[in-house]
>>> print(open('final10.cif').read())   # mmCIF, C-alpha atoms; chains and numbers go by the auth columns
data_query
loop_
_atom_site.group_PDB
_atom_site.id
_atom_site.type_symbol
_atom_site.label_atom_id
_atom_site.label_comp_id
_atom_site.label_asym_id
_atom_site.label_seq_id
_atom_site.Cartn_x
_atom_site.Cartn_y
_atom_site.Cartn_z
_atom_site.B_iso_or_equiv
_atom_site.auth_seq_id
_atom_site.auth_asym_id
ATOM 1 C CA MET A 1 22.197 -4.594 -33.186 0.00 27 A
ATOM 2 C CA PRO A 2 20.087 -1.767 -34.619 0.00 28 A
ATOM 3 C CA PHE A 3 21.723 1.480 -35.600 0.00 29 A
ATOM 4 C CA GLN A 4 20.325 4.959 -35.910 0.00 30 A
ATOM 5 C CA ASP A 5 21.744 7.597 -38.204 0.00 31 A
ATOM 6 C CA GLY A 6 19.880 10.804 -39.041 0.00 32 A
ATOM 7 C CA ARG A 7 21.428 11.069 -42.501 0.00 33 A
ATOM 8 C CA VAL A 8 20.441 7.474 -43.364 0.00 34 A
ATOM 9 C CA PHE A 9 16.887 8.194 -42.211 0.00 35 A
ATOM 10 C CA ASP A 10 16.780 11.371 -44.319 0.00 36 A
ATOM 11 C CA LEU A 11 18.053 9.497 -47.383 0.00 37 A
ATOM 12 C CA ILE A 12 15.435 6.783 -46.881 0.00 38 A
ATOM 13 C CA ASP A 13 12.706 9.428 -46.622 0.00 39 A
ATOM 14 C CA GLN A 14 13.922 11.133 -49.812 0.00 40 A
ATOM 15 C CA LEU A 15 14.163 7.825 -51.673 0.00 41 A
ATOM 16 C CA GLY A 16 10.701 6.756 -50.523 0.00 42 A
ATOM 17 C CA GLU A 17 9.100 10.031 -51.510 0.00 43 A
ATOM 18 C CA TYR A 18 10.780 10.001 -54.918 0.00 44 A
ATOM 19 C CA TYR A 19 9.823 6.362 -55.545 0.00 45 A
ATOM 20 C CA SER A 20 6.194 6.956 -54.562 0.00 46 A
ATOM 21 C CA GLN A 21 5.768 10.099 -56.664 0.00 47 A
ATOM 22 C CA ASN A 22 7.782 9.255 -59.769 0.00 48 A
ATOM 23 C CA ILE A 23 7.921 5.485 -60.093 0.00 49 A
ATOM 24 C CA ASP A 24 5.196 3.737 -58.082 0.00 50 A
ATOM 25 C CA ASN A 25 2.301 5.861 -59.267 0.00 51 A
ATOM 26 C CA ALA A 26 -1.097 4.930 -60.668 0.00 52 A
ATOM 27 C CA PHE A 27 0.080 5.397 -64.259 0.00 53 A
ATOM 28 C CA LEU A 28 3.142 3.135 -64.102 0.00 54 A
ATOM 29 C CA ARG A 29 2.209 0.584 -61.417 0.00 55 A
ATOM 30 C CA PRO A 30 0.195 -1.667 -63.790 0.00 56 A
ATOM 31 C CA SER A 31 3.399 -2.432 -65.714 0.00 57 A
ATOM 32 C CA PHE A 32 5.174 -3.786 -62.615 0.00 58 A
ATOM 33 C CA SER A 33 3.402 -7.122 -62.924 0.00 59 A
ATOM 34 C CA ARG A 34 5.529 -7.734 -66.034 0.00 60 A
ATOM 35 C CA ILE A 35 8.788 -7.977 -64.108 0.00 61 A
ATOM 36 C CA ASN A 36 9.823 -11.017 -62.137 0.00 62 A
ATOM 37 C CA ILE A 37 10.567 -9.881 -58.600 0.00 63 A
ATOM 38 C CA SER A 38 10.043 -12.079 -55.552 0.00 64 A
ATOM 39 C CA ARG A 39 7.302 -11.311 -53.063 0.00 65 A
ATOM 40 C CA GLU A 40 10.004 -10.786 -50.406 0.00 66 A
ATOM 41 C CA ASP A 41 11.714 -8.150 -52.573 0.00 67 A
ATOM 42 C CA TRP A 42 8.398 -6.346 -53.153 0.00 68 A
ATOM 43 C CA GLU A 43 7.886 -6.319 -49.372 0.00 69 A
ATOM 44 C CA ARG A 44 11.406 -4.975 -48.821 0.00 70 A
ATOM 45 C CA ILE A 45 10.859 -2.269 -51.450 0.00 71 A
ATOM 46 C CA ALA A 46 7.586 -1.261 -49.780 0.00 72 A
ATOM 47 C CA ALA A 47 9.277 -1.190 -46.360 0.00 73 A
ATOM 48 C CA LEU A 48 12.107 0.974 -47.668 0.00 74 A
ATOM 49 C CA ALA A 49 9.782 3.351 -49.523 0.00 75 A
ATOM 50 C CA ASN A 50 7.434 3.704 -46.550 0.00 76 A
ATOM 51 C CA GLN A 51 9.740 4.185 -43.560 0.00 77 A
ATOM 52 C CA SER A 52 7.725 4.703 -40.416 0.00 78 A
ATOM 53 C CA GLU A 53 8.448 6.612 -37.250 0.00 79 A
ATOM 54 C CA TYR A 54 8.679 3.233 -35.528 0.00 80 A
ATOM 55 C CA GLU A 55 11.666 2.260 -37.690 0.00 81 A
ATOM 56 C CA LYS A 56 13.308 5.574 -36.935 0.00 82 A
ATOM 57 C CA ALA A 57 12.805 5.038 -33.209 0.00 83 A
ATOM 58 C CA GLN A 58 13.919 1.408 -33.260 0.00 84 A
ATOM 59 C CA GLY A 59 16.678 1.774 -35.831 0.00 85 A
ATOM 60 C CA TYR A 60 17.660 -0.705 -38.535 0.00 86 A
ATOM 61 C CA SER A 61 19.939 -3.676 -38.501 0.00 87 A
ATOM 62 C CA PHE A 62 22.569 -3.408 -41.200 0.00 88 A
ATOM 63 C CA TRP A 63 21.483 -6.781 -42.647 0.00 89 A
ATOM 64 C CA GLU A 64 17.862 -5.668 -42.892 0.00 90 A
ATOM 65 C CA LEU A 65 18.662 -2.333 -44.510 0.00 91 A
ATOM 66 C CA TYR A 66 21.116 -3.869 -46.987 0.00 92 A
ATOM 67 C CA GLU A 67 18.434 -6.400 -48.005 0.00 93 A
ATOM 68 C CA MET A 68 16.006 -3.529 -48.668 0.00 94 A
ATOM 69 C CA ILE A 69 18.644 -1.611 -50.633 0.00 95 A
ATOM 70 C CA LEU A 70 19.410 -4.727 -52.707 0.00 96 A
ATOM 71 C CA ALA A 71 15.710 -5.279 -53.414 0.00 97 A
ATOM 72 C CA MET A 72 15.355 -1.700 -54.681 0.00 98 A
ATOM 73 C CA ALA A 73 18.526 -2.074 -56.787 0.00 99 A
ATOM 74 C CA ARG A 74 17.155 -5.285 -58.340 0.00 100 A
ATOM 75 C CA PHE A 75 13.907 -3.446 -59.108 0.00 101 A
ATOM 76 C CA VAL A 76 15.801 -0.592 -60.794 0.00 102 A
ATOM 77 C CA SER A 77 17.792 -3.033 -62.922 0.00 103 A
ATOM 78 C CA LYS A 78 14.781 -5.090 -63.993 0.00 104 A
ATOM 79 C CA ALA A 79 12.629 -2.015 -64.640 0.00 105 A
ATOM 80 C CA ARG A 80 15.363 -0.528 -66.841 0.00 106 A
ATOM 81 C CA ASN A 81 15.870 -3.718 -68.821 0.00 107 A
ATOM 82 C CA GLU A 82 12.379 -5.218 -68.924 0.00 108 A
ATOM 83 C CA LEU A 83 9.996 -2.255 -68.738 0.00 109 A
ATOM 84 C CA ALA A 84 11.643 0.955 -69.888 0.00 110 A
ATOM 85 C CA PRO A 85 12.305 -0.092 -73.501 0.00 111 A
ATOM 86 C CA ASN A 86 8.596 -0.901 -74.080 0.00 112 A
ATOM 87 C CA ILE A 87 6.796 0.910 -71.279 0.00 113 A
ATOM 88 C CA ARG A 88 4.381 2.739 -73.571 0.00 114 A
ATOM 89 C CA ALA A 89 3.297 -0.466 -75.341 0.00 115 A
ATOM 90 C CA ILE A 90 3.047 -2.397 -72.075 0.00 116 A
ATOM 91 C CA LEU A 91 0.809 0.221 -70.500 0.00 117 A
ATOM 92 C CA SER A 92 -1.249 0.570 -73.648 0.00 118 A
ATOM 93 C CA GLU A 93 -1.967 -3.177 -73.568 0.00 119 A
ATOM 94 C CA SER A 94 -2.850 -3.186 -69.863 0.00 120 A
ATOM 95 C CA SER A 95 -5.273 -0.247 -70.155 0.00 121 A
ATOM 96 C CA GLY A 96 -6.968 -1.365 -73.330 0.00 122 A
ATOM 97 C CA GLY A 97 -5.507 1.516 -75.297 0.00 123 A
ATOM 98 C CA PHE A 98 -3.698 4.653 -74.257 0.00 124 A
ATOM 99 C CA GLY A 99 -6.045 6.930 -72.372 0.00 125 A
ATOM 100 C CA SER A 100 -9.107 4.932 -73.442 0.00 126 A
ATOM 101 C CA ALA A 101 -11.324 5.852 -70.483 0.00 127 A
ATOM 102 C CA ALA A 102 -9.316 8.551 -68.765 0.00 128 A
ATOM 103 C CA PRO A 103 -10.073 12.245 -68.912 0.00 129 A
ATOM 104 C CA ARG A 104 -7.706 14.466 -70.960 0.00 130 A
ATOM 105 C CA GLY A 105 -5.796 15.736 -67.910 0.00 131 A
ATOM 106 C CA ASN A 106 -4.910 12.182 -66.948 0.00 132 A
ATOM 107 C CA ASP A 107 -3.673 11.491 -70.487 0.00 133 A
ATOM 108 C CA ILE A 108 -1.152 14.291 -70.125 0.00 134 A
ATOM 109 C CA LEU A 109 0.014 13.085 -66.704 0.00 135 A
ATOM 110 C CA LYS A 110 0.256 9.512 -67.926 0.00 136 A
ATOM 111 C CA ASP A 111 2.272 10.590 -70.964 0.00 137 A
ATOM 112 C CA MET A 112 4.629 12.564 -68.696 0.00 138 A
ATOM 113 C CA ALA A 113 5.101 9.567 -66.379 0.00 139 A
ATOM 114 C CA ILE A 114 5.858 7.293 -69.335 0.00 140 A
ATOM 115 C CA SER A 115 8.154 9.772 -71.076 0.00 141 A
ATOM 116 C CA ASN A 116 10.181 10.372 -67.911 0.00 142 A
ATOM 117 C CA PHE A 117 10.273 6.768 -66.685 0.00 143 A
ATOM 118 C CA ARG A 118 13.845 5.996 -67.762 0.00 144 A
ATOM 119 C CA ALA A 119 15.208 9.291 -66.402 0.00 145 A
ATOM 120 C CA ASN A 120 13.294 8.794 -63.164 0.00 146 A
ATOM 121 C CA LEU A 121 14.822 5.316 -62.807 0.00 147 A
ATOM 122 C CA ASP A 122 18.264 6.910 -63.194 0.00 148 A
ATOM 123 C CA VAL A 123 17.518 9.369 -60.382 0.00 149 A
ATOM 124 C CA LEU A 124 16.173 6.533 -58.219 0.00 150 A
ATOM 125 C CA ALA A 125 19.363 4.546 -58.881 0.00 151 A
ATOM 126 C CA ASP A 126 21.418 7.539 -57.723 0.00 152 A
ATOM 127 C CA LYS A 127 19.363 7.775 -54.536 0.00 153 A
ATOM 128 C CA VAL A 128 19.784 4.040 -53.850 0.00 154 A
ATOM 129 C CA HIS A 129 23.536 4.364 -54.410 0.00 155 A
ATOM 130 C CA GLU A 130 23.786 7.352 -52.068 0.00 156 A
ATOM 131 C CA LEU A 131 21.862 5.446 -49.377 0.00 157 A
ATOM 132 C CA TYR A 132 24.104 2.406 -49.844 0.00 158 A
ATOM 133 C CA MET A 133 27.283 4.476 -49.582 0.00 159 A
ATOM 134 C CA ARG A 134 26.106 6.241 -46.408 0.00 160 A
ATOM 135 C CA THR A 135 24.991 2.948 -44.841 0.00 161 A
ATOM 136 C CA ALA A 136 28.357 1.353 -45.685 0.00 162 A
ATOM 137 C CA LEU A 137 30.172 4.286 -44.069 0.00 163 A
ATOM 138 C CA VAL A 138 28.119 3.974 -40.873 0.00 164 A
ATOM 139 C CA ASP A 139 28.638 0.181 -41.023 0.00 165 A
ATOM 140 C CA LYS A 140 32.431 0.641 -41.186 0.00 166 A
ATOM 141 C CA GLU A 141 32.398 3.137 -38.334 0.00 167 A
ATOM 142 C CA SER A 142 30.244 0.794 -36.224 0.00 168 A
ATOM 143 C CA HIS A 143 32.437 -2.280 -36.709 0.00 169 A
ATOM 144 C CA LYS A 144 35.899 -1.532 -35.397 0.00 170 A
ATOM 145 C CA VAL A 145 36.691 -5.129 -34.330 0.00 171 A
ATOM 146 C CA LYS A 146 34.415 -7.259 -36.490 0.00 172 A
ATOM 147 C CA ALA A 147 34.257 -6.948 -40.296 0.00 173 A
ATOM 148 C CA PRO A 148 31.509 -4.592 -41.537 0.00 174 A
ATOM 149 C CA VAL A 149 28.275 -6.320 -42.507 0.00 175 A
ATOM 150 C CA TYR A 150 28.524 -5.307 -46.179 0.00 176 A
ATOM 151 C CA THR A 151 31.734 -7.361 -46.477 0.00 177 A
ATOM 152 C CA ARG A 152 29.829 -10.422 -45.234 0.00 178 A
ATOM 153 C CA MET A 153 26.987 -10.120 -47.772 0.00 179 A
ATOM 154 C CA PRO A 154 28.204 -11.473 -51.127 0.00 180 A
ATOM 155 C CA ASP A 155 25.199 -10.081 -53.053 0.00 181 A
ATOM 156 C CA LEU A 156 26.269 -6.536 -52.228 0.00 182 A
ATOM 157 C CA ALA A 157 29.398 -6.949 -54.352 0.00 183 A
ATOM 158 C CA GLY A 158 27.184 -6.676 -57.451 0.00 184 A
ATOM 159 C CA ILE A 159 25.119 -3.675 -56.392 0.00 185 A
ATOM 160 C CA GLY A 160 27.024 -1.338 -58.704 0.00 186 A
ATOM 161 C CA SER A 161 26.139 -3.400 -61.767 0.00 187 A
ATOM 162 C CA LEU A 162 22.455 -3.296 -60.777 0.00 188 A
ATOM 163 C CA LEU A 163 22.459 0.493 -60.517 0.00 189 A
ATOM 164 C CA VAL A 164 24.524 1.437 -63.569 0.00 190 A
ATOM 165 C CA THR A 165 22.808 1.999 -66.904 0.00 191 A
ATOM 166 C CA LYS A 166 23.918 -0.617 -69.406 0.00 192 A
#
>>> encode(input="final10.cif", output="structure tokens")
Amino acid sequence: MPFQDGRVFDLIDQLGEYYSQNIDNAFLRPSFSRINISREDWERIAALANQSEYEKAQGYSFWELYEMILAMARFVSKARNELAPNIRAILSESSGGFGSAAPRGNDILKDMAISNFRANLDVLADKVHELYMRTALVDKESHKVKAPVYTRMPDLAGIGSLLVTK
């Protein structure tokens, strides 16, 4: 059964805006092809980052939202471990040299995006964690008789290890 919670919707909006502006931008996006994430997870990440008014009106099922949260957590973990350590080199390879055809202003923006990538992933991880905690609270409050959904999803037990910097 779908649930609606204004705070969850606000957290999703904040997460989506942050992800779009600081992570999934034109400067960093070319590096994403280097990480192994399933097509389903990419779709879940896109759905979470681009919440529509329809989703707000219809609400989310706990299962669906937890799957989107897990997909974003897996992205954060893989981006930290597979991209962040070599992001400058990876993007230099994919563009044929750093700033090779871009105007000077874009070089500065690209350098800022690369330099802040790891810190921006940390902020994104915090936002994912906050969304997870709020969703779990609403889940608990919604399931007085039956066990909350998060207790029935074994993958959620490892969400903390996906979001913590190693």
>>> closest_residue(input="final10.cif", among="A:Met98, A:Leu41, A:Leu109, A:Val34", to="Arg144 in chain A", atoms="all atoms listed in the file")
A:Leu109
>>> closest_residue(input="final10.cif", among="A:Lys170, A:Leu150, A:Phe35, A:Glu156", to="Gly85 in chain A", atoms="all atoms listed in the file")
A:Phe35
>>> resolve_selection(input="final10.cif", expression="the PyMOL selection byres ((chain A and resi 28) around 9)", output="MDAnalysis selection string")
chainID A and resid 27 29:30 84:88
>>> closest_residue(input="final10.cif", among="A:Arg33, A:Arg70, A:Arg106, A:Arg55", to="Tyr92 in chain A", atoms="all atoms listed in the file")
A:Arg70
>>> residues_near_point(input="final10.cif", point="(14.9, -8.8, -61.9)", cutoff="6 Å", atoms="all atoms listed in the file", output="list in words")
Asn62, Ile63, Arg100 and Lys104 of chain A
>>> atom_distance(input="final10.cif", atom1="CA of Met94 in chain A", atom2="CA of Ser141 in chain A")
27.2 Å
>>> residues_around(input="final10.cif", residues="Ser78 in chain A", least_positions_apart="3", cutoff="12 Å", atoms="all atoms listed in the file", output="mmCIF file with C-alpha atoms, in the coordinates of the input")
data_model
loop_
_atom_site.group_PDB
_atom_site.id
_atom_site.type_symbol
_atom_site.label_atom_id
_atom_site.label_comp_id
_atom_site.auth_asym_id
_atom_site.auth_seq_id
_atom_site.Cartn_x
_atom_site.Cartn_y
_atom_site.Cartn_z
ATOM 1 C CA PHE A 35 16.887 8.194 -42.211
ATOM 2 C CA ASP A 36 16.780 11.371 -44.319
ATOM 3 C CA ILE A 38 15.435 6.783 -46.881
ATOM 4 C CA ASP A 39 12.706 9.428 -46.622
ATOM 5 C CA GLY A 42 10.701 6.756 -50.523
ATOM 6 C CA ALA A 72 7.586 -1.261 -49.780
ATOM 7 C CA ALA A 73 9.277 -1.190 -46.360
ATOM 8 C CA LEU A 74 12.107 0.974 -47.668
ATOM 9 C CA ALA A 75 9.782 3.351 -49.523
ATOM 10 C CA GLU A 81 11.666 2.260 -37.690
ATOM 11 C CA LYS A 82 13.308 5.574 -36.935
ATOM 12 C CA ALA A 83 12.805 5.038 -33.209
ATOM 13 C CA GLN A 84 13.919 1.408 -33.260
ATOM 14 C CA GLY A 85 16.678 1.774 -35.831
ATOM 15 C CA TYR A 86 17.660 -0.705 -38.535
#
>>> resolve_selection(input="final10.cif", expression="the PyMOL selection byres ((chain A and resi 182) around 12)", output="number ranges by chain")
A: 89, 91-97, 99-100, 155, 158-159, 162, 175-181, 183-189
>>> closest_residue(input="final10.cif", among="A:Ala151, A:Ala105, A:Ile140, A:Ala145", to="Arg60 in chain A", atoms="all atoms listed in the file")
A:Ala105
>>> closest_residue(input="final10.cif", among="A:Leu54, A:Ile116, A:Gly32, A:Leu37", to="Leu135 in chain A", atoms="only C-alpha atoms")
A:Leu54
>>> closest_residue(input="final10.cif", among="A:Val190, A:Met138, A:Glu66, A:Glu79", to="Val154 in chain A", atoms="only C-alpha atoms")
A:Val190
>>> resolve_selection(input="final10.cif", expression="the PyMOL selection byres ((chain A and resi 139) around 12)", output="PyMOL selection string")
chain A and resi 47-55+110+113-114+117+132-138+140-147
>>> atom_distance(input="final10.cif", atom1="CA of Ile71 in chain A", atom2="CA of Phe101 in chain A")
8.3 Å
>>> atom_distance(input="final10.cif", atom1="CA of Glu43 in chain A", atom2="CA of Glu167 in chain A")
27.6 Å
